[in-house]
file upload.pdb (PDB, C-alpha atoms)
MODEL        1
ATOM      1  CA  MET A  29      11.362 -17.259  -6.007  1.00  0.00           C
ATOM      2  CA  LYS A  30       9.270 -15.188  -8.405  1.00  0.00           C
ATOM      3  CA  LYS A  31      11.043 -12.550 -10.476  1.00  0.00           C
ATOM      4  CA  ILE A  32       9.580  -9.357 -11.913  1.00  0.00           C
ATOM      5  CA  ILE A  33      11.222  -6.737 -14.109  1.00  0.00           C
ATOM      6  CA  VAL A  34       9.641  -3.298 -13.821  1.00  0.00           C
ATOM      7  CA  PHE A  35      10.084  -0.722 -16.586  1.00  0.00           C
ATOM      8  CA  GLY A  36       9.396   2.959 -15.910  1.00  0.00           C
ATOM      9  CA  SER A  37      10.276   6.317 -17.436  1.00  0.00           C
ATOM     10  CA  GLY A  38       9.422   8.743 -14.671  1.00  0.00           C
ATOM     11  CA  ASP A  39       8.470   9.186 -11.058  1.00  0.00           C
ATOM     12  CA  GLY A  40       7.831   5.550 -10.181  1.00  0.00           C
ATOM     13  CA  SER A  41       4.923   5.936  -7.754  1.00  0.00           C
ATOM     14  CA  ASN A  42       3.286   2.740  -9.068  1.00  0.00           C
ATOM     15  CA  PHE A  43       6.644   0.987  -8.737  1.00  0.00           C
ATOM     16  CA  GLU A  44       6.885   2.042  -5.096  1.00  0.00           C
ATOM     17  CA  ALA A  45       3.326   0.868  -4.413  1.00  0.00           C
ATOM     18  CA  ILE A  46       4.232  -2.514  -5.908  1.00  0.00           C
ATOM     19  CA  ILE A  47       7.439  -2.794  -3.876  1.00  0.00           C
ATOM     20  CA  ASN A  48       5.670  -1.856  -0.643  1.00  0.00           C
ATOM     21  CA  TYR A  49       2.998  -4.471  -1.312  1.00  0.00           C
ATOM     22  CA  PHE A  50       5.552  -7.248  -1.923  1.00  0.00           C
ATOM     23  CA  ILE A  51       8.045  -6.226   0.769  1.00  0.00           C
ATOM     24  CA  ASN A  52       7.614  -9.471   2.750  1.00  0.00           C
ATOM     25  CA  LYS A  53       6.840 -11.806  -0.130  1.00  0.00           C
ATOM     26  CA  ASP A  54       9.159 -14.088  -2.056  1.00  0.00           C
ATOM     27  CA  VAL A  55       9.539 -11.845  -5.107  1.00  0.00           C
ATOM     28  CA  GLU A  56      12.716 -10.422  -6.605  1.00  0.00           C
ATOM     29  CA  PHE A  57      12.552  -7.183  -8.569  1.00  0.00           C
ATOM     30  CA  ILE A  58      14.723  -5.489 -11.155  1.00  0.00           C
ATOM     31  CA  CYS A  59      14.019  -1.884 -12.108  1.00  0.00           C
ATOM     32  CA  VAL A  60      14.737  -0.523 -15.593  1.00  0.00           C
ATOM     33  CA  SER A  61      14.374   2.982 -16.972  1.00  0.00           C
ATOM     34  CA  ASP A  62      14.973   4.436 -20.413  1.00  0.00           C
ATOM     35  CA  LYS A  63      15.832   7.786 -18.774  1.00  0.00           C
ATOM     36  CA  LYS A  64      19.050   8.257 -16.795  1.00  0.00           C
ATOM     37  CA  GLU A  65      17.531  10.836 -14.460  1.00  0.00           C
ATOM     38  CA  ALA A  66      14.203   9.074 -13.844  1.00  0.00           C
ATOM     39  CA  PHE A  67      13.181   9.163 -10.188  1.00  0.00           C
ATOM     40  CA  ILE A  68      12.097   5.518 -10.414  1.00  0.00           C
ATOM     41  CA  LEU A  69      15.809   4.589 -10.342  1.00  0.00           C
ATOM     42  CA  GLU A  70      16.239   6.490  -7.060  1.00  0.00           C
ATOM     43  CA  ARG A  71      13.190   4.748  -5.620  1.00  0.00           C
ATOM     44  CA  ALA A  72      14.738   1.399  -6.531  1.00  0.00           C
ATOM     45  CA  ALA A  73      18.017   2.345  -4.846  1.00  0.00           C
ATOM     46  CA  LYS A  74      16.098   3.334  -1.698  1.00  0.00           C
ATOM     47  CA  PHE A  75      14.726  -0.218  -1.510  1.00  0.00           C
ATOM     48  CA  GLY A  76      18.033  -1.878  -2.421  1.00  0.00           C
ATOM     49  CA  ILE A  77      16.657  -3.106  -5.732  1.00  0.00           C
ATOM     50  CA  LYS A  78      18.928  -3.551  -8.744  1.00  0.00           C
ATOM     51  CA  ALA A  79      18.273  -0.676 -11.116  1.00  0.00           C
ATOM     52  CA  PHE A  80      19.459  -0.152 -14.663  1.00  0.00           C
ATOM     53  CA  TYR A  81      19.394   2.673 -17.155  1.00  0.00           C
ATOM     54  CA  VAL A  82      18.721   0.967 -20.479  1.00  0.00           C
ATOM     55  CA  PRO A  83      18.368   3.149 -23.571  1.00  0.00           C
ATOM     56  CA  TYR A  84      15.255   2.266 -25.539  1.00  0.00           C
ATOM     57  CA  SER A  85      17.380   1.047 -28.463  1.00  0.00           C
ATOM     58  CA  GLU A  86      19.038  -1.522 -26.172  1.00  0.00           C
ATOM     59  CA  THR A  87      15.859  -2.958 -24.614  1.00  0.00           C
ATOM     60  CA  TYR A  88      15.937  -6.181 -26.638  1.00  0.00           C
ATOM     61  CA  ASP A  89      19.583  -6.890 -25.803  1.00  0.00           C
ATOM     62  CA  PHE A  90      18.952  -6.223 -22.116  1.00  0.00           C
ATOM     63  CA  LEU A  91      15.919  -8.515 -21.888  1.00  0.00           C
ATOM     64  CA  LYS A  92      16.919 -11.369 -24.179  1.00  0.00           C
ATOM     65  CA  ASP A  93      18.909 -13.242 -21.523  1.00  0.00           C
ATOM     66  CA  LYS A  94      16.856 -12.221 -18.483  1.00  0.00           C
ATOM     67  CA  GLU A  95      14.648 -14.753 -16.754  1.00  0.00           C
ATOM     68  CA  CYS A  96      11.454 -13.450 -15.201  1.00  0.00           C
ATOM     69  CA  ASP A  97       7.843 -14.340 -14.582  1.00  0.00           C
ATOM     70  CA  PHE A  98       6.777 -11.222 -16.450  1.00  0.00           C
ATOM     71  CA  VAL A  99       7.621  -7.596 -17.149  1.00  0.00           C
ATOM     72  CA  VAL A 100       5.571  -4.849 -15.517  1.00  0.00           C
ATOM     73  CA  LEU A 101       5.290  -1.487 -17.243  1.00  0.00           C
ATOM     74  CA  ALA A 102       4.827   1.261 -14.653  1.00  0.00           C
ATOM     75  CA  GLY A 103       4.832   4.594 -16.410  1.00  0.00           C
ATOM     76  CA  TYR A 104       7.045   3.375 -19.210  1.00  0.00           C
ATOM     77  CA  MET A 105       6.428   5.881 -21.976  1.00  0.00           C
ATOM     78  CA  ARG A 106       7.651   3.857 -24.951  1.00  0.00           C
ATOM     79  CA  ILE A 107       5.994   1.531 -27.429  1.00  0.00           C
ATOM     80  CA  LEU A 108       7.808  -1.786 -27.387  1.00  0.00           C
ATOM     81  CA  PRO A 109       8.377  -3.541 -30.714  1.00  0.00           C
ATOM     82  CA  LYS A 110       7.137  -7.044 -31.473  1.00  0.00           C
ATOM     83  CA  GLU A 111      10.566  -8.677 -31.041  1.00  0.00           C
ATOM     84  CA  VAL A 112      10.815  -7.326 -27.474  1.00  0.00           C
ATOM     85  CA  LEU A 113       7.231  -8.325 -26.615  1.00  0.00           C
ATOM     86  CA  GLU A 114       7.971 -11.872 -27.789  1.00  0.00           C
ATOM     87  CA  LEU A 115      10.688 -12.283 -25.127  1.00  0.00           C
ATOM     88  CA  HIS A 116       8.370 -12.232 -22.082  1.00  0.00           C
ATOM     89  CA  THR A 117       4.816 -11.554 -20.967  1.00  0.00           C
ATOM     90  CA  PHE A 118       4.286  -7.829 -20.383  1.00  0.00           C
ATOM     91  CA  ILE A 119       1.539  -6.124 -18.401  1.00  0.00           C
ATOM     92  CA  ASN A 120       0.669  -2.447 -18.178  1.00  0.00           C
ATOM     93  CA  ILE A 121      -1.641  -0.138 -16.254  1.00  0.00           C
ATOM     94  CA  HIS A 122      -3.509   2.660 -17.985  1.00  0.00           C
ATOM     95  CA  PRO A 123      -5.552   5.489 -16.417  1.00  0.00           C
ATOM     96  CA  SER A 124      -8.766   4.999 -18.387  1.00  0.00           C
ATOM     97  CA  LEU A 125     -11.374   2.376 -19.048  1.00  0.00           C
ATOM     98  CA  LEU A 126      -9.885   1.012 -22.236  1.00  0.00           C
ATOM     99  CA  PRO A 127     -10.588   1.041 -25.112  1.00  0.00           C
ATOM    100  CA  LYS A 128     -11.409   4.702 -24.356  1.00  0.00           C
ATOM    101  CA  TYR A 129      -8.585   7.222 -24.205  1.00  0.00           C
ATOM    102  CA  LYS A 130      -5.591   5.216 -25.273  1.00  0.00           C
ATOM    103  CA  GLY A 131      -2.159   6.814 -25.074  1.00  0.00           C
ATOM    104  CA  LYS A 132      -1.081   9.958 -23.274  1.00  0.00           C
ATOM    105  CA  ASP A 133      -3.230  12.341 -21.219  1.00  0.00           C
ATOM    106  CA  ALA A 134      -6.063   9.853 -20.720  1.00  0.00           C
ATOM    107  CA  ILE A 135      -7.259  11.376 -17.436  1.00  0.00           C
ATOM    108  CA  LYS A 136      -7.327  14.868 -18.892  1.00  0.00           C
ATOM    109  CA  LYS A 137      -9.172  13.675 -22.006  1.00  0.00           C
ATOM    110  CA  ALA A 138     -11.878  11.941 -19.940  1.00  0.00           C
ATOM    111  CA  TYR A 139     -12.217  15.037 -17.759  1.00  0.00           C
ATOM    112  CA  GLU A 140     -12.403  17.491 -20.656  1.00  0.00           C
ATOM    113  CA  ASN A 141     -14.944  15.289 -22.451  1.00  0.00           C
ATOM    114  CA  LYS A 142     -17.119  15.461 -19.314  1.00  0.00           C
ATOM    115  CA  GLU A 143     -17.252  11.707 -18.858  1.00  0.00           C
ATOM    116  CA  LYS A 144     -19.397  10.557 -15.944  1.00  0.00           C
ATOM    117  CA  ILE A 145     -17.265   7.469 -15.350  1.00  0.00           C
ATOM    118  CA  THR A 146     -13.604   6.740 -15.943  1.00  0.00           C
ATOM    119  CA  GLY A 147     -11.154   4.396 -14.270  1.00  0.00           C
ATOM    120  CA  VAL A 148      -8.083   2.243 -14.545  1.00  0.00           C
ATOM    121  CA  THR A 149      -7.250  -0.740 -16.745  1.00  0.00           C
ATOM    122  CA  VAL A 150      -4.585  -3.393 -16.217  1.00  0.00           C
ATOM    123  CA  HIS A 151      -3.904  -5.221 -19.454  1.00  0.00           C
ATOM    124  CA  TYR A 152      -1.456  -7.414 -21.289  1.00  0.00           C
ATOM    125  CA  VAL A 153       0.781  -5.470 -23.653  1.00  0.00           C
ATOM    126  CA  SER A 154       0.414  -5.993 -27.381  1.00  0.00           C
ATOM    127  CA  GLU A 155       1.967  -4.294 -30.394  1.00  0.00           C
ATOM    128  CA  GLU A 156      -0.843  -1.750 -30.640  1.00  0.00           C
ATOM    129  CA  ILE A 157      -0.804   0.864 -27.883  1.00  0.00           C
ATOM    130  CA  ASP A 158      -3.126   0.125 -24.954  1.00  0.00           C
ATOM    131  CA  SER A 159      -4.911  -2.625 -26.885  1.00  0.00           C
ATOM    132  CA  GLY A 160      -3.857  -5.871 -25.225  1.00  0.00           C
ATOM    133  CA  GLU A 161      -6.239  -8.245 -23.474  1.00  0.00           C
ATOM    134  CA  ILE A 162      -7.776  -6.647 -20.394  1.00  0.00           C
ATOM    135  CA  ILE A 163      -6.955  -8.306 -17.079  1.00  0.00           C
ATOM    136  CA  LEU A 164      -8.929  -6.002 -14.776  1.00  0.00           C
ATOM    137  CA  GLN A 165     -10.726  -2.671 -14.863  1.00  0.00           C
ATOM    138  CA  SER A 166     -11.754  -0.533 -11.910  1.00  0.00           C
ATOM    139  CA  SER A 167     -14.177   2.315 -12.489  1.00  0.00           C
ATOM    140  CA  LEU A 168     -14.588   5.667 -10.793  1.00  0.00           C
ATOM    141  CA  ILE A 169     -17.500   8.074 -10.919  1.00  0.00           C
ATOM    142  CA  ILE A 170     -16.392  11.593 -11.777  1.00  0.00           C
ATOM    143  CA  GLU A 171     -18.276  13.668  -9.241  1.00  0.00           C
ATOM    144  CA  ASN A 172     -19.849  17.010 -10.143  1.00  0.00           C
ATOM    145  CA  ASN A 173     -17.478  19.921  -9.539  1.00  0.00           C
ATOM    146  CA  MET A 174     -14.488  17.575  -9.240  1.00  0.00           C
ATOM    147  CA  LYS A 175     -11.288  19.310 -10.273  1.00  0.00           C
ATOM    148  CA  LEU A 176      -8.864  17.668 -12.698  1.00  0.00           C
ATOM    149  CA  GLU A 177      -6.212  17.445  -9.963  1.00  0.00           C
ATOM    150  CA  GLU A 178      -8.662  15.615  -7.678  1.00  0.00           C
ATOM    151  CA  LEU A 179      -9.516  13.169 -10.445  1.00  0.00           C
ATOM    152  CA  GLU A 180      -5.822  12.534 -11.143  1.00  0.00           C
ATOM    153  CA  GLU A 181      -5.174  11.898  -7.451  1.00  0.00           C
ATOM    154  CA  LYS A 182      -8.100   9.472  -7.185  1.00  0.00           C
ATOM    155  CA  ILE A 183      -6.997   7.592 -10.324  1.00  0.00           C
ATOM    156  CA  HIS A 184      -3.484   7.235  -8.894  1.00  0.00           C
ATOM    157  CA  GLU A 185      -4.915   5.904  -5.619  1.00  0.00           C
ATOM    158  CA  ILE A 186      -6.798   3.243  -7.563  1.00  0.00           C
ATOM    159  CA  GLU A 187      -3.682   2.383  -9.586  1.00  0.00           C
ATOM    160  CA  HIS A 188      -1.582   2.013  -6.438  1.00  0.00           C
ATOM    161  CA  TYR A 189      -4.226  -0.211  -4.914  1.00  0.00           C
ATOM    162  CA  ILE A 190      -5.053  -2.556  -7.790  1.00  0.00           C
ATOM    163  CA  TYR A 191      -1.760  -2.935  -9.679  1.00  0.00           C
ATOM    164  CA  PRO A 192       0.119  -4.764  -6.897  1.00  0.00           C
ATOM    165  CA  LYS A 193      -2.908  -6.989  -6.268  1.00  0.00           C
ATOM    166  CA  VAL A 194      -3.214  -7.904  -9.941  1.00  0.00           C
ATOM    167  CA  ILE A 195       0.493  -8.749 -10.026  1.00  0.00           C
ATOM    168  CA  ASP A 196       0.035 -10.870  -6.887  1.00  0.00           C
ATOM    169  CA  TYR A 197      -2.880 -12.631  -8.557  1.00  0.00           C
ATOM    170  CA  LEU A 198      -0.858 -13.340 -11.692  1.00  0.00           C
ATOM    171  CA  LEU A 199       2.055 -14.684  -9.665  1.00  0.00           C
ATOM    172  CA  PHE A 200       0.330 -16.739  -6.996  1.00  0.00           C
ATOM    173  CA  THR A 201      -3.405 -17.284  -7.563  1.00  0.00           C
ATOM    174  CA  THR A 202      -5.476 -19.512  -9.749  1.00  0.00           C
ATOM    175  CA  ASP A 203      -8.870 -18.458  -8.347  1.00  0.00           C
ATOM    176  CA  ILE A 204     -10.459 -15.995 -10.790  1.00  0.00           C
ATOM    177  CA  GLY A 205     -12.988 -14.996  -8.116  1.00  0.00           C
ATOM    178  CA  SER A 206     -10.304 -13.298  -6.059  1.00  0.00           C
ATOM    179  CA  LEU A 207      -9.465 -11.029  -8.984  1.00  0.00           C
ATOM    180  CA  VAL A 208     -13.083 -10.309  -9.857  1.00  0.00           C
ATOM    181  CA  ASN A 209     -13.769  -9.264  -6.258  1.00  0.00           C
ATOM    182  CA  LEU A 210     -10.778  -6.935  -6.189  1.00  0.00           C
ATOM    183  CA  THR A 211     -12.656  -3.922  -7.496  1.00  0.00           C
ATOM    184  CA  ALA A 212     -15.382  -4.371  -4.897  1.00  0.00           C
ATOM    185  CA  GLU A 213     -12.748  -3.865  -2.186  1.00  0.00           C
ATOM    186  CA  PHE A 214     -11.820  -0.366  -3.274  1.00  0.00           C
TER
ENDMDL
END
call {"tool": "encode", "arguments": {"input": "upload.pdb", "output": "structure tokens"}}
result
Amino acid sequence: MKKIIVFGSGDGSNFEAIINYFINKDVEFICVSDKKEAFILERAAKFGIKAFYVPYSETYDFLKDKECDFVVLAGYMRILPKEVLELHTFINIHPSLLPKYKGKDAIKKAYENKEKITGVTVHYVSEEIDSGEIILQSSLIIENNMKLEELEEKIHEIEHYIYPKVIDYLLFTTDIGSLVNLTAEF
């Protein structure tokens, strides 16, 4: 059985998309949040998934004895130190076409800078924020007269679509073509 640990700090909509995608697959999940009141923990409980509040300062101790295929960051709003990143392979999703608009408010920054194209990037996590090796990017044309809220909604739709599929690819597939063709499906 494959095992994934998902870290999130907030709502957990990407987490729920991942869980729904894998509902009938042989994958075990653990959910972790650095915030006691994060809704992601409630989402985990709804699905019967083990969920833990782990203060940021205790992340290393929590992960050091955990076995998993990799750790998925899904709205985890912390920068993990090198010693934590050395424990497992970490992946993250970011709402821009990296290397543009690293960090917070990426959608808003692309919108305010009147970009014609933006998108979503799934990448490996490295010590520098949003700078790890890119696994997959999916682009989106920002239509004329599109409101910021519409752009945010569209970006989240793309995230919910591609993140579970990239995780599936990393867990079960060796054919790079299936990942390359993923963006054409959306």
call {"tool": "residues_around", "arguments": {"input": "upload.pdb", "residues": "Lys175 of chain A", "least_positions_apart": "5", "cutoff": "12 Å", "atoms": "all atoms listed in the file", "output": "PyMOL selection string"}}
result
chain A and resi 135-136+139-140+142+170+180-182
call {"tool": "residues_near_point", "arguments": {"input": "upload.pdb", "point": "(4.0, -9.9, -20.2)", "cutoff": "8 Å", "atoms": "only C-alpha atoms", "output": "list of chain:residue names"}}
result
A:Phe98, A:Val99, A:Val100, A:Leu113, A:His116, A:Thr117, A:Phe118, A:Ile119, A:Tyr152, A:Val153
call {"tool": "axis_aligned_box", "arguments": {"input": "upload.pdb", "around": "segment 184-194 of chain A", "padding_each_side": "8 Å", "output": "lines of an AutoDock Vina configuration file"}}
result
center_x = -3.3
center_y = -0.3
center_z = -7.4
size_x = 22.9
size_y = 31.1
size_z = 21.0
call {"tool": "residues_around", "arguments": {"input": "upload.pdb", "residues": "Ile169 of chain A", "least_positions_apart": "4", "cutoff": "8 Å", "atoms": "only C-alpha atoms", "output": "PDB file with C-alpha atoms, in the coordinates of the input"}}
result
ATOM      1  CA  LYS A 144     -19.397  10.557 -15.944  1.00  0.00           C
ATOM      2  CA  ILE A 145     -17.265   7.469 -15.350  1.00  0.00           C
ATOM      3  CA  THR A 146     -13.604   6.740 -15.943  1.00  0.00           C
TER       4      THR A 146
END
call {"tool": "resolve_selection", "arguments": {"input": "upload.pdb", "expression": "the PyMOL selection byres ((chain A and resi 187) around 12)", "output": "ChimeraX atom specification"}}
result
/A:40-46,102-103,120-124,147-150,164-168,180-186,188-195,211,214
call {"tool": "resolve_selection", "arguments": {"input": "upload.pdb", "expression": "the PyMOL selection byres ((chain A and resi 61) around 8)", "output": "ChimeraX atom specification"}}
result
/A:35-38,59-60,62-64,66,68-69,79-83,104
call {"tool": "write_last_selection", "arguments": {"input": "upload.pdb", "atoms": "C-alpha atoms", "output": "mmCIF file, in the coordinates of the input"}}
result
data_model
loop_
_atom_site.group_PDB
_atom_site.id
_atom_site.type_symbol
_atom_site.label_atom_id
_atom_site.label_comp_id
_atom_site.auth_asym_id
_atom_site.auth_seq_id
_atom_site.Cartn_x
_atom_site.Cartn_y
_atom_site.Cartn_z
ATOM 1 C CA PHE A 35 10.084 -0.722 -16.586
ATOM 2 C CA GLY A 36 9.396 2.959 -15.910
ATOM 3 C CA SER A 37 10.276 6.317 -17.436
ATOM 4 C CA GLY A 38 9.422 8.743 -14.671
ATOM 5 C CA CYS A 59 14.019 -1.884 -12.108
ATOM 6 C CA VAL A 60 14.737 -0.523 -15.593
ATOM 7 C CA ASP A 62 14.973 4.436 -20.413
ATOM 8 C CA LYS A 63 15.832 7.786 -18.774
ATOM 9 C CA LYS A 64 19.050 8.257 -16.795
ATOM 10 C CA ALA A 66 14.203 9.074 -13.844
ATOM 11 C CA ILE A 68 12.097 5.518 -10.414
ATOM 12 C CA LEU A 69 15.809 4.589 -10.342
ATOM 13 C CA ALA A 79 18.273 -0.676 -11.116
ATOM 14 C CA PHE A 80 19.459 -0.152 -14.663
ATOM 15 C CA TYR A 81 19.394 2.673 -17.155
ATOM 16 C CA VAL A 82 18.721 0.967 -20.479
ATOM 17 C CA PRO A 83 18.368 3.149 -23.571
ATOM 18 C CA TYR A 104 7.045 3.375 -19.210
#
call {"tool": "atom_distance", "arguments": {"input": "upload.pdb", "atom1": "atom CA of Lys92 of chain A", "atom2": "atom CA of Asn52 of chain A"}}
result
28.6 Å
call {"tool": "atom_distance", "arguments": {"input": "upload.pdb", "atom1": "atom CA of Tyr84 of chain A", "atom2": "atom CA of Ile32 of chain A"}}
result
18.8 Å
call {"tool": "closest_residue", "arguments": {"input": "upload.pdb", "among": "A:Ile47, A:Asp54, A:Asn141, A:Ser85", "to": "Phe200 of chain A", "atoms": "all atoms listed in the file"}}
result
A:Asp54
call {"tool": "atom_distance", "arguments": {"input": "upload.pdb", "atom1": "atom CA of Lys53 of chain A", "atom2": "atom CA of Phe90 of chain A"}}
result
25.7 Å
call {"tool": "residues_near_point", "arguments": {"input": "upload.pdb", "point": "(9.2, -18.7, -7.8)", "cutoff": "8 Å", "atoms": "all atoms listed in the file", "output": "PyMOL selection string"}}
result
chain A and resi 29-31+54-55
call {"tool": "closest_residue", "arguments": {"input": "upload.pdb", "among": "A:Glu171, A:Glu177, A:Glu143, A:Asp158", "to": "Gly131 of chain A", "atoms": "only C-alpha atoms"}}
result
A:Asp158
call {"tool": "closest_residue", "arguments": {"input": "upload.pdb", "among": "A:Asp97, A:Glu56, A:Glu155, A:Asp196", "to": "Lys110 of chain A", "atoms": "all atoms listed in the file"}}
result
A:Glu155
call {"tool": "closest_residue", "arguments": {"input": "upload.pdb", "among": "A:Leu179, A:Ala138, A:Leu101, A:Ile58", "to": "Lys78 of chain A", "atoms": "all atoms listed in the file"}}
result
A:Ile58
call {"tool": "resolve_selection", "arguments": {"input": "upload.pdb", "expression": "the PyMOL selection byres ((chain A and resi 107) around 9)", "output": "list in words"}}
result
Tyr104, Met105, Arg106, Leu108, Pro109, Glu155, Glu156 and Ile157 of chain A
call {"tool": "write_last_selection", "arguments": {"input": "upload.pdb", "atoms": "C-alpha atoms", "output": "PDB file, keeping the file's coordinate frame"}}
result
ATOM      1  CA  TYR A 104       7.045   3.375 -19.210  1.00  0.00           C
ATOM      2  CA  MET A 105       6.428   5.881 -21.976  1.00  0.00           C
ATOM      3  CA  ARG A 106       7.651   3.857 -24.951  1.00  0.00           C
ATOM      4  CA  LEU A 108       7.808  -1.786 -27.387  1.00  0.00           C
ATOM      5  CA  PRO A 109       8.377  -3.541 -30.714  1.00  0.00           C
ATOM      6  CA  GLU A 155       1.967  -4.294 -30.394  1.00  0.00           C
ATOM      7  CA  GLU A 156      -0.843  -1.750 -30.640  1.00  0.00           C
ATOM      8  CA  ILE A 157      -0.804   0.864 -27.883  1.00  0.00           C
TER       9      ILE A 157
END
